[in-house]
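Q: If it helps, the file is called structure_11.cif and holds mmCIF, C-alpha atoms and all ligand atoms:
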```cif
data_structure
loop_
_atom_site.label_atom_id
_atom_site.label_comp_id
_atom_site.auth_asym_id
_atom_site.auth_seq_id
_atom_site.Cartn_x
_atom_site.Cartn_y
_atom_site.Cartn_z
CA MET A 38 4.88 40.63 6.07
CA ARG A 39 6.58 38.36 8.54
CA VAL A 40 5.05 34.92 8.99
CA ASP A 41 6.02 32.84 12.00
CA MET A 42 6.84 29.30 10.99
CA ARG A 43 7.63 26.61 13.53
CA VAL A 44 8.39 22.93 13.16
CA GLU A 45 7.84 20.69 16.19
CA THR A 46 8.71 17.04 16.46
CA ILE A 47 5.62 15.24 17.73
CA CYS A 48 7.12 11.79 17.56
CA GLU A 49 10.61 10.51 16.69
CA LYS A 50 9.64 6.98 15.66
CA PRO A 51 7.64 7.06 13.48
CA ALA A 52 8.73 10.53 12.38
CA ILE A 53 5.79 12.91 12.68
CA TYR A 54 6.23 16.67 12.62
CA ARG A 55 3.89 19.61 13.02
CA LEU A 56 4.40 22.69 10.90
CA THR A 57 2.70 25.79 12.28
CA TRP A 58 2.55 28.57 9.74
CA GLY A 59 1.04 31.92 10.64
CA ALA A 60 -2.02 32.17 12.87
CA GLY A 61 -3.36 28.70 13.48
CA ALA A 62 -2.27 27.18 10.16
CA LEU A 63 -1.19 23.62 10.75
CA TYR A 64 0.29 20.91 8.60
CA VAL A 65 1.38 17.51 9.79
CA PHE A 66 3.87 15.64 7.63
CA SER A 67 6.41 12.88 7.63
CA LEU A 68 8.82 11.26 5.22
CA MET A 69 7.25 7.85 5.62
CA LEU A 70 6.01 6.15 8.76
CA LEU A 71 8.45 3.31 8.18
CA PRO A 72 11.94 4.50 9.16
CA HIS A 73 14.94 4.16 6.83
CA VAL A 74 12.94 4.83 3.66
CA GLU A 75 13.41 7.92 1.52
CA LEU A 76 11.76 9.46 -1.50
CA ARG A 77 13.91 9.52 -4.64
CA TYR A 78 13.31 10.79 -8.15
CA VAL A 79 13.46 7.84 -10.57
CA ASP A 80 12.94 9.37 -14.02
CA GLU A 81 10.53 11.46 -16.05
CA THR A 82 8.19 8.54 -16.80
CA ILE A 83 7.99 6.98 -13.34
CA GLY A 84 8.43 10.12 -11.25
CA TYR A 85 9.27 9.43 -7.62
CA GLY A 86 9.70 6.18 -5.73
CA THR A 87 10.44 5.04 -2.17
CA PHE A 88 13.86 3.51 -1.47
CA ALA A 89 15.37 1.71 1.51
CA THR A 90 18.29 3.53 3.14
CA ARG A 91 19.09 0.43 5.21
CA PHE A 92 18.54 -3.31 4.92
CA ILE A 93 14.85 -4.14 5.58
CA PRO A 94 14.42 -7.85 6.34
CA ARG A 95 11.65 -10.04 4.99
CA GLY A 96 8.65 -10.01 7.34
CA THR A 97 8.99 -6.31 8.23
CA ILE A 98 5.65 -4.51 8.26
CA THR A 99 6.39 -1.82 5.68
CA TRP A 100 3.05 0.01 5.62
CA VAL A 101 -0.01 0.28 7.85
CA ARG A 102 -3.20 2.04 6.93
CA ASP A 103 -3.23 4.66 9.65
CA ALA A 104 -5.54 7.25 11.14
CA LEU A 105 -4.03 10.12 9.14
CA ASP A 106 -4.72 8.59 5.72
CA GLN A 107 -7.53 10.42 3.90
CA VAL A 108 -10.67 8.51 2.87
CA PHE A 109 -12.94 9.58 -0.02
CA SER A 110 -16.25 7.88 -0.87
CA VAL A 111 -17.32 7.31 -4.48
CA ALA A 112 -19.84 10.17 -4.12
CA GLN A 113 -17.18 12.54 -2.78
CA VAL A 114 -14.85 11.69 -5.67
CA GLU A 115 -17.61 12.20 -8.24
CA ALA A 116 -18.42 15.63 -6.78
CA MET A 117 -14.79 16.77 -6.99
CA HIS A 118 -13.22 19.18 -9.43
CA PRO A 119 -11.46 17.14 -12.18
CA THR A 120 -8.08 18.45 -10.99
CA TYR A 121 -8.55 16.81 -7.60
CA ARG A 122 -9.89 13.65 -9.24
CA SER A 123 -6.81 13.27 -11.44
CA VAL A 124 -4.52 13.68 -8.41
CA LEU A 125 -6.52 11.04 -6.54
CA GLU A 126 -6.45 8.63 -9.47
CA ARG A 127 -2.67 8.89 -9.60
CA TYR A 128 -1.86 8.71 -5.90
CA SER A 129 -4.67 6.80 -4.17
CA TYR A 130 -5.82 3.20 -4.05
CA ILE A 131 -9.29 1.69 -3.58
CA ASP A 132 -9.96 -0.27 -0.40
CA GLY A 133 -12.28 -3.18 0.28
CA ALA A 134 -15.23 -0.84 0.90
CA GLY A 135 -14.74 0.87 -2.47
CA ASP A 136 -13.41 4.10 -0.91
CA ARG A 137 -10.36 5.88 -2.30
CA ILE A 138 -7.50 6.10 0.21
CA LEU A 139 -4.88 8.82 -0.15
CA CYS A 140 -1.90 7.98 2.04
CA TRP A 141 -0.76 11.12 3.79
CA ASP A 142 2.91 10.14 3.99
CA HIS A 143 5.29 9.09 1.25
CA ALA A 144 3.58 5.71 1.00
CA ARG A 145 1.54 7.30 -1.80
CA PHE A 146 4.72 7.26 -3.91
CA VAL A 147 5.26 3.49 -3.62
CA ASN A 148 5.41 2.25 -7.20
CA HIS A 149 4.01 -0.92 -8.73
CA SER A 150 6.25 -3.84 -9.63
CA CYS A 151 5.33 -7.23 -11.12
CA ARG A 152 7.92 -8.59 -8.67
CA ALA A 153 6.86 -6.50 -5.69
CA THR A 154 8.98 -6.33 -2.54
CA CYS A 155 5.89 -5.79 -0.38
CA LEU A 156 2.41 -7.30 -0.42
CA ALA A 157 -0.65 -7.08 1.81
CA PRO A 158 -2.36 -10.19 3.15
CA GLY A 159 -6.03 -9.71 4.05
CA PHE A 160 -4.97 -7.26 6.77
CA ASP A 161 -4.71 -3.48 6.60
CA PHE A 162 -0.92 -3.59 6.32
CA GLU A 163 1.84 -4.73 3.96
CA ILE A 164 4.90 -6.80 4.73
CA ALA A 165 8.23 -7.26 2.94
CA VAL A 166 7.89 -10.61 1.14
CA ARG A 167 11.65 -10.74 0.58
CA ASP A 168 14.71 -8.99 1.97
CA ILE A 169 15.01 -5.42 0.72
CA LEU A 170 18.60 -4.26 0.35
CA ALA A 171 19.80 -0.74 1.10
CA GLY A 172 19.21 1.29 -2.06
CA GLU A 173 16.48 -1.03 -3.35
CA GLU A 174 13.04 0.35 -4.15
CA LEU A 175 10.01 -0.60 -2.05
CA THR A 176 7.22 -1.67 -4.39
CA ASP A 177 3.84 -3.31 -4.19
CA ASP A 178 1.53 -4.92 -6.74
CA TYR A 179 -1.27 -2.62 -7.90
CA GLY A 180 -3.13 -5.77 -8.96
CA THR A 181 -4.19 -5.95 -5.29
CA LEU A 182 -5.30 -2.32 -5.05
CA ASN A 183 -8.33 -2.18 -7.36
CA THR A 184 -6.61 0.36 -9.59
CA GLU A 185 -7.50 1.04 -13.20
CA ILE A 186 -5.84 -0.92 -16.03
CA PHE A 187 -2.40 0.43 -17.04
CA ASN A 188 0.67 -0.49 -19.08
CA CYS A 189 3.43 -1.56 -16.71
CA LEU A 190 6.93 -0.08 -16.86
CA CYS A 191 8.47 -2.13 -14.04
CA ARG A 192 11.17 -3.72 -16.29
CA GLU A 193 11.13 -6.99 -14.33
CA PRO A 194 11.68 -10.16 -16.39
CA THR A 195 8.30 -11.34 -15.08
CA CYS A 196 6.51 -8.10 -16.06
CA ARG A 197 2.87 -8.75 -17.00
CA GLY A 198 2.94 -5.87 -19.50
CA VAL A 199 -0.58 -4.77 -18.61
CA VAL A 200 -1.77 -4.59 -15.01
CA ARG A 201 -5.49 -5.14 -14.50
CA ALA A 202 -7.80 -4.80 -11.51
CA ASP A 203 -8.66 -8.50 -11.75
CA ASP A 204 -5.01 -9.66 -11.72
CA VAL A 205 -5.55 -10.61 -8.10
CA PHE A 206 -7.81 -13.44 -9.19
CA VAL A 207 -5.17 -14.76 -11.60
CA HIS A 208 -2.06 -14.27 -9.47
CA GLY A 209 -3.55 -14.24 -5.96
CA ASP A 210 -2.44 -17.81 -5.19
CA ALA A 211 1.18 -16.98 -6.04
CA TRP A 212 1.07 -13.79 -3.96
CA ASP A 213 -0.56 -15.63 -1.05
CA ALA A 214 2.22 -18.26 -1.22
CA LEU A 215 4.86 -15.50 -0.92
CA LEU A 216 2.96 -13.99 2.00
CA VAL A 217 2.55 -17.33 3.80
CA ASP A 218 6.31 -18.00 3.43
CA ALA A 219 7.26 -14.55 4.72
CA PHE A 220 4.69 -14.22 7.49
CA PRO A 221 6.44 -16.22 10.28
CA ALA A 222 9.26 -13.64 10.12
CA VAL A 223 6.76 -11.00 11.28
CA ALA A 224 7.36 -12.39 14.79
CA THR A 225 11.15 -12.36 14.59
CA VAL A 226 12.19 -9.08 12.93
CA HIS A 227 12.14 -5.55 14.34
CA GLN A 228 8.70 -3.99 13.71
CA PRO A 229 8.76 -0.17 13.95
CA LEU A 230 5.10 0.02 12.89
CA TRP A 231 3.70 -2.69 15.19
CA GLU A 232 1.95 -0.22 17.51
CA LEU A 233 -0.15 1.01 14.57
CA VAL A 234 -1.34 -2.47 13.55
CA LYS A 235 -5.06 -2.85 14.25
CA GLU A 236 -5.25 -6.64 13.84
CA LYS A 237 -2.75 -7.59 16.58
CA ASP A 238 -4.92 -10.43 17.96
CA GLU A 239 -5.58 -11.89 14.50
CA VAL A 240 -1.85 -11.70 13.63
CA ALA A 241 -1.05 -13.54 16.89
CA GLU A 242 -3.52 -16.29 15.96
CA VAL A 243 -1.88 -16.73 12.54
CA LEU A 244 1.63 -16.76 14.02
CA ALA A 245 0.53 -19.36 16.59
CA GLY A 246 -0.78 -21.58 13.79
CA ARG A 247 -4.38 -21.36 15.04
CA ALA A 248 -5.68 -19.42 12.01
CA ALA A 249 -4.83 -19.23 8.33
CA LEU A 250 -3.35 -16.05 6.90
CA PRO A 251 -6.22 -14.12 5.23
CA SER A 252 -5.80 -14.00 1.44
CA CYS A 253 -4.57 -10.95 -0.45
CA ARG A 254 -7.81 -11.34 -2.43
CA LEU A 255 -9.89 -10.22 0.53
CA PHE A 256 -9.85 -6.48 -0.14
CA ALA A 257 -9.95 -6.79 -3.90
CA ALA A 258 -12.92 -9.11 -3.79
CA THR A 259 -15.05 -6.93 -1.54
CA ALA A 260 -14.39 -3.69 -3.38
CA ARG A 261 -17.01 -4.51 -5.99
CA THR A 262 -20.67 -5.45 -6.15
CA PRO A 263 -21.42 -9.20 -5.92
CA ARG A 264 -22.17 -9.31 -9.68
CA GLN A 265 -18.93 -7.52 -10.63
CA ARG A 266 -17.04 -9.87 -8.34
CA LEU A 267 -18.56 -12.95 -10.01
CA GLU A 268 -17.71 -11.53 -13.44
CA LEU A 269 -14.10 -10.91 -12.45
CA GLU A 270 -13.74 -14.37 -10.91
CA ALA A 271 -15.29 -15.97 -14.00
CA ARG A 272 -12.89 -14.13 -16.30
CA ALA A 273 -9.94 -15.15 -14.15
CA THR A 274 -10.93 -18.82 -14.07
CA GLY A 275 -12.17 -19.01 -17.67
CA SER A 276 -15.68 -20.14 -16.69
CA PRO A 277 -18.78 -18.70 -18.44
CA GLY A 278 -19.62 -16.38 -15.52
CA PRO A 279 -22.97 -15.13 -14.24
ZN ZN B 301 5.49 -5.03 -14.68
#
```
Here is a file; write its structure as structure tokens.
A:
Amino acid sequence: MRVDMRVETICEKPAIYRLTWGAGALYVFSLMLLPHVELRYVDETIGYGTFATRFIPRGTITWVRDALDQVFSVAQVEAMHPTYRSVLERYSYIDGAGDRILCWDHARFVNHSCRATCLAPGFDFEIAVRDILAGEELTDDYGTLNTEIFNCLCREPTCRGVVRADDVFVHGDAWDALLVDAFPAVATVHQPLWELVKEKDEVAEVLAGRAALPSCRLFAATARTPRQRLELEARATGSPGP
């Protein structure tokens, strides 16, 4: 049987393509919304990772939560077949509302590092907190993503060994300091993803010095019930807790 397959370019920058396969079948895909990033196989343990093919300067918006990302509520995840659940647990993160977000592009392959190249302030996007050289891996810190506890394999000298969901309460100040240092460069470097940023007015206020940069803790803190949040904060600060 002959199946007609057609690939159309919907948009050059960011790269979005439409794959039409047979009668009405449609699949939209991209390498990664951020240009000059490619997927590479790292090794058997880590799997794939995302790597810069060109220099990406500090302050570049490297990821934006966009309209094509898939959102799954807790109830939807619980009703899923275990096969789907295990895929989600590996490739998704949990947002401030407690929903699981599965990035549709290669952003879902961004690995954790205890010395991450990219971090998210309290906005729905990440920025490069230092210059990323061509060939260097783009990473973020899963301590900000409400993920389950895991043993870290990042091999950085500053590796925490075990990454926990409440790391954001322990290390949030240090991550916020990196973000505050890097954020002014948001205004000065080329921003291929700027059109997708939802918080343009709030970013302008921060860049103008009229508002503080929202903390990276924002999404982590709201992803839990008030009691869970108090417990996590208490554990992080060493106080007796609720
Ligand atoms: Zn590590």
Q: Considering only C-alpha atoms, can you say which of A:Arg77, A:Arg137, A:Arg167, A:His149 comes closest to Phe220 of chain A?
A: A:Arg167
Q: What does the distance between atom CA of Ala134 of chain A and atom CA of Phe256 of chain A come to in Å, to one decimal place?
A: 7.9 Å
Q: Report as JSON lines: every residue of chain A with an atom at most 12 Å from ligand ZN 301 (chain B), its closest pair of atoms, and their distance in Å to one decimal, counting only C-alpha atoms and all ligand atoms, with rows sorted by chain and ascending residue number.
A:
```
{"residue": "A:Asn148", "atom": "CA", "partner": "B:ZN301", "partner_atom": "ZN", "distance": 10.4}
{"residue": "A:His149", "atom": "CA", "partner": "B:ZN301", "partner_atom": "ZN", "distance": 7.4}
{"residue": "A:Ser150", "atom": "CA", "partner": "B:ZN301", "partner_atom": "ZN", "distance": 5.2}
{"residue": "A:Cys151", "atom": "CA", "partner": "B:ZN301", "partner_atom": "ZN", "distance": 4.2}
{"residue": "A:Arg152", "atom": "CA", "partner": "B:ZN301", "partner_atom": "ZN", "distance": 7.4}
{"residue": "A:Ala153", "atom": "CA", "partner": "B:ZN301", "partner_atom": "ZN", "distance": 9.2}
{"residue": "A:Thr176", "atom": "CA", "partner": "B:ZN301", "partner_atom": "ZN", "distance": 11.0}
{"residue": "A:Asp177", "atom": "CA", "partner": "B:ZN301", "partner_atom": "ZN", "distance": 10.8}
{"residue": "A:Asp178", "atom": "CA", "partner": "B:ZN301", "partner_atom": "ZN", "distance": 8.9}
{"residue": "A:Tyr179", "atom": "CA", "partner": "B:ZN301", "partner_atom": "ZN", "distance": 9.9}
{"residue": "A:Gly180", "atom": "CA", "partner": "B:ZN301", "partner_atom": "ZN", "distance": 10.4}
{"residue": "A:Phe187", "atom": "CA", "partner": "B:ZN301", "partner_atom": "ZN", "distance": 9.9}
{"residue": "A:Asn188", "atom": "CA", "partner": "B:ZN301", "partner_atom": "ZN", "distance": 8.0}
{"residue": "A:Cys189", "atom": "CA", "partner": "B:ZN301", "partner_atom": "ZN", "distance": 4.5}
{"residue": "A:Leu190", "atom": "CA", "partner": "B:ZN301", "partner_atom": "ZN", "distance": 5.6}
{"residue": "A:Cys191", "atom": "CA", "partner": "B:ZN301", "partner_atom": "ZN", "distance": 4.2}
{"residue": "A:Arg192", "atom": "CA", "partner": "B:ZN301", "partner_atom": "ZN", "distance": 6.0}
{"residue": "A:Glu193", "atom": "CA", "partner": "B:ZN301", "partner_atom": "ZN", "distance": 6.0}
{"residue": "A:Pro194", "atom": "CA", "partner": "B:ZN301", "partner_atom": "ZN", "distance": 8.2}
{"residue": "A:Thr195", "atom": "CA", "partner": "B:ZN301", "partner_atom": "ZN", "distance": 6.9}
{"residue": "A:Cys196", "atom": "CA", "partner": "B:ZN301", "partner_atom": "ZN", "distance": 3.5}
{"residue": "A:Arg197", "atom": "CA", "partner": "B:ZN301", "partner_atom": "ZN", "distance": 5.1}
{"residue": "A:Gly198", "atom": "CA", "partner": "B:ZN301", "partner_atom": "ZN", "distance": 5.5}
{"residue": "A:Val199", "atom": "CA", "partner": "B:ZN301", "partner_atom": "ZN", "distance": 7.2}
{"residue": "A:Val200", "atom": "CA", "partner": "B:ZN301", "partner_atom": "ZN", "distance": 7.3}
{"residue": "A:Arg201", "atom": "CA", "partner": "B:ZN301", "partner_atom": "ZN", "distance": 11.0}
{"residue": "A:Asp204", "atom": "CA", "partner": "B:ZN301", "partner_atom": "ZN", "distance": 11.9}
```
Q: Take the selection from the previous step and output its residues with C-alpha atoms, as a short mmCIF file (atom, residue, chain, number, x, y, z; two decimals), in the coordinates of the input.
A:
```cif
data_model
loop_
_atom_site.label_atom_id
_atom_site.label_comp_id
_atom_site.auth_asym_id
_atom_site.auth_seq_id
_atom_site.Cartn_x
_atom_site.Cartn_y
_atom_site.Cartn_z
CA ASN A 148 5.41 2.25 -7.20
CA HIS A 149 4.01 -0.92 -8.73
CA SER A 150 6.25 -3.84 -9.63
CA CYS A 151 5.33 -7.23 -11.12
CA ARG A 152 7.92 -8.59 -8.67
CA ALA A 153 6.86 -6.50 -5.69
CA THR A 176 7.22 -1.67 -4.39
CA ASP A 177 3.84 -3.31 -4.19
CA ASP A 178 1.53 -4.92 -6.74
CA TYR A 179 -1.27 -2.62 -7.90
CA GLY A 180 -3.13 -5.77 -8.96
CA PHE A 187 -2.40 0.43 -17.04
CA ASN A 188 0.67 -0.49 -19.08
CA CYS A 189 3.43 -1.56 -16.71
CA LEU A 190 6.93 -0.08 -16.86
CA CYS A 191 8.47 -2.13 -14.04
CA ARG A 192 11.17 -3.72 -16.29
CA GLU A 193 11.13 -6.99 -14.33
CA PRO A 194 11.68 -10.16 -16.39
CA THR A 195 8.30 -11.34 -15.08
CA CYS A 196 6.51 -8.10 -16.06
CA ARG A 197 2.87 -8.75 -17.00
CA GLY A 198 2.94 -5.87 -19.50
CA VAL A 199 -0.58 -4.77 -18.61
CA VAL A 200 -1.77 -4.59 -15.01
CA ARG A 201 -5.49 -5.14 -14.50
CA ASP A 204 -5.01 -9.66 -11.72
#
```
Q: Hey, which of A:Pro221, A:Glu232, A:Arg102, A:Arg91 ends up closest to Leu244 of chain A? Count only C-alpha atoms.
A: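 Of A:Pro221, A:Glu232, A:Arg102, A:Arg91, the one nearest Leu244 of chain A, counting only C-alpha atoms, is A:Pro221.
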Q: For the atom pair atom CA of Leu175 of chain A and atom CA of Phe88 of chain A, what is the interatomic distance in Å to one decimal place?
A: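 Those two atoms sit 5.7 Å apart.
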Q: Tell me, in Å to one decimal, how far atom CA of Ile138 of chain A is from atom CA of Trp100 of chain A.
A: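 Atom CA of Trp100 of chain A lies 13.3 Å from atom CA of Ile138 of chain A.
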Q: Where's the centre, and what are the edge lengths in Å to one decimal, of a box along x, y and z enclosing all listed atoms of segment 107-115 of chain A padded 6 Å per side, as JSON?
A:
```
{"center_x": -13.7, "center_y": 9.9, "center_z": -2.2, "size_x": 24.3, "size_y": 17.2, "size_z": 24.1}
```
Q: Which residue gives the smallest distance to Val111 of chain A among A:Thr99, A:Ala144, A:Phe162, A:Gly135, with all atoms listed in the file counted?
A: A:Gly135
Q: Neighbours of segment 181-186 of chain A within 10 Å (all atoms listed in the file; same-chain residues fewer than 4 positions away dropped), as a ChimeraX atom specification?
A: /A:126-127,129-133,135,137,156-158,177,199-206,208-209,212,253-258,260-261
Q: Save out the residues we just selected, C-alpha atoms, as a PDB file, in the frame of the given file.
A:
```pdb
ATOM      1  CA  GLU A 126      -6.450   8.630  -9.470  1.00  0.00           C
ATOM      2  CA  ARG A 127      -2.670   8.890  -9.600  1.00  0.00           C
ATOM      3  CA  SER A 129      -4.670   6.800  -4.170  1.00  0.00           C
ATOM      4  CA  TYR A 130      -5.820   3.200  -4.050  1.00  0.00           C
ATOM      5  CA  ILE A 131      -9.290   1.690  -3.580  1.00  0.00           C
ATOM      6  CA  ASP A 132      -9.960  -0.270  -0.400  1.00  0.00           C
ATOM      7  CA  GLY A 133     -12.280  -3.180   0.280  1.00  0.00           C
ATOM      8  CA  GLY A 135     -14.740   0.870  -2.470  1.00  0.00           C
ATOM      9  CA  ARG A 137     -10.360   5.880  -2.300  1.00  0.00           C
ATOM     10  CA  LEU A 156       2.410  -7.300  -0.420  1.00  0.00           C
ATOM     11  CA  ALA A 157      -0.650  -7.080   1.810  1.00  0.00           C
ATOM     12  CA  PRO A 158      -2.360 -10.190   3.150  1.00  0.00           C
ATOM     13  CA  ASP A 177       3.840  -3.310  -4.190  1.00  0.00           C
ATOM     14  CA  VAL A 199      -0.580  -4.770 -18.610  1.00  0.00           C
ATOM     15  CA  VAL A 200      -1.770  -4.590 -15.010  1.00  0.00           C
ATOM     16  CA  ARG A 201      -5.490  -5.140 -14.500  1.00  0.00           C
ATOM     17  CA  ALA A 202      -7.800  -4.800 -11.510  1.00  0.00           C
ATOM     18  CA  ASP A 203      -8.660  -8.500 -11.750  1.00  0.00           C
ATOM     19  CA  ASP A 204      -5.010  -9.660 -11.720  1.00  0.00           C
ATOM     20  CA  VAL A 205      -5.550 -10.610  -8.100  1.00  0.00           C
ATOM     21  CA  PHE A 206      -7.810 -13.440  -9.190  1.00  0.00           C
ATOM     22  CA  HIS A 208      -2.060 -14.270  -9.470  1.00  0.00           C
ATOM     23  CA  GLY A 209      -3.550 -14.240  -5.960  1.00  0.00           C
ATOM     24  CA  TRP A 212       1.070 -13.790  -3.960  1.00  0.00           C
ATOM     25  CA  CYS A 253      -4.570 -10.950  -0.450  1.00  0.00           C
ATOM     26  CA  ARG A 254      -7.810 -11.340  -2.430  1.00  0.00           C
ATOM     27  CA  LEU A 255      -9.890 -10.220   0.530  1.00  0.00           C
ATOM     28  CA  PHE A 256      -9.850  -6.480  -0.140  1.00  0.00           C
ATOM     29  CA  ALA A 257      -9.950  -6.790  -3.900  1.00  0.00           C
ATOM     30  CA  ALA A 258     -12.920  -9.110  -3.790  1.00  0.00           C
ATOM     31  CA  ALA A 260     -14.390  -3.690  -3.380  1.00  0.00           C
ATOM     32  CA  ARG A 261     -17.010  -4.510  -5.990  1.00  0.00           C
TER      33      ARG A 261
END
```
Q: Using all atoms listed in the file, find all polymer residues with an atom at most 12 Å away from the point (16.4, 3.4, -8.0); report them as a ChimeraX atom specification.
A: /A:75-80,83-90,147-148,170-176,191
Q: Smallest atom-to-atom distance to Phe146 of chain A: which of A:Ala224, A:Glu163, A:Val74, A:Ser123, using only C-alpha atoms?
A: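 Of A:Ala224, A:Glu163, A:Val74, A:Ser123, the one nearest Phe146 of chain A is A:Val74, counting only C-alpha atoms.
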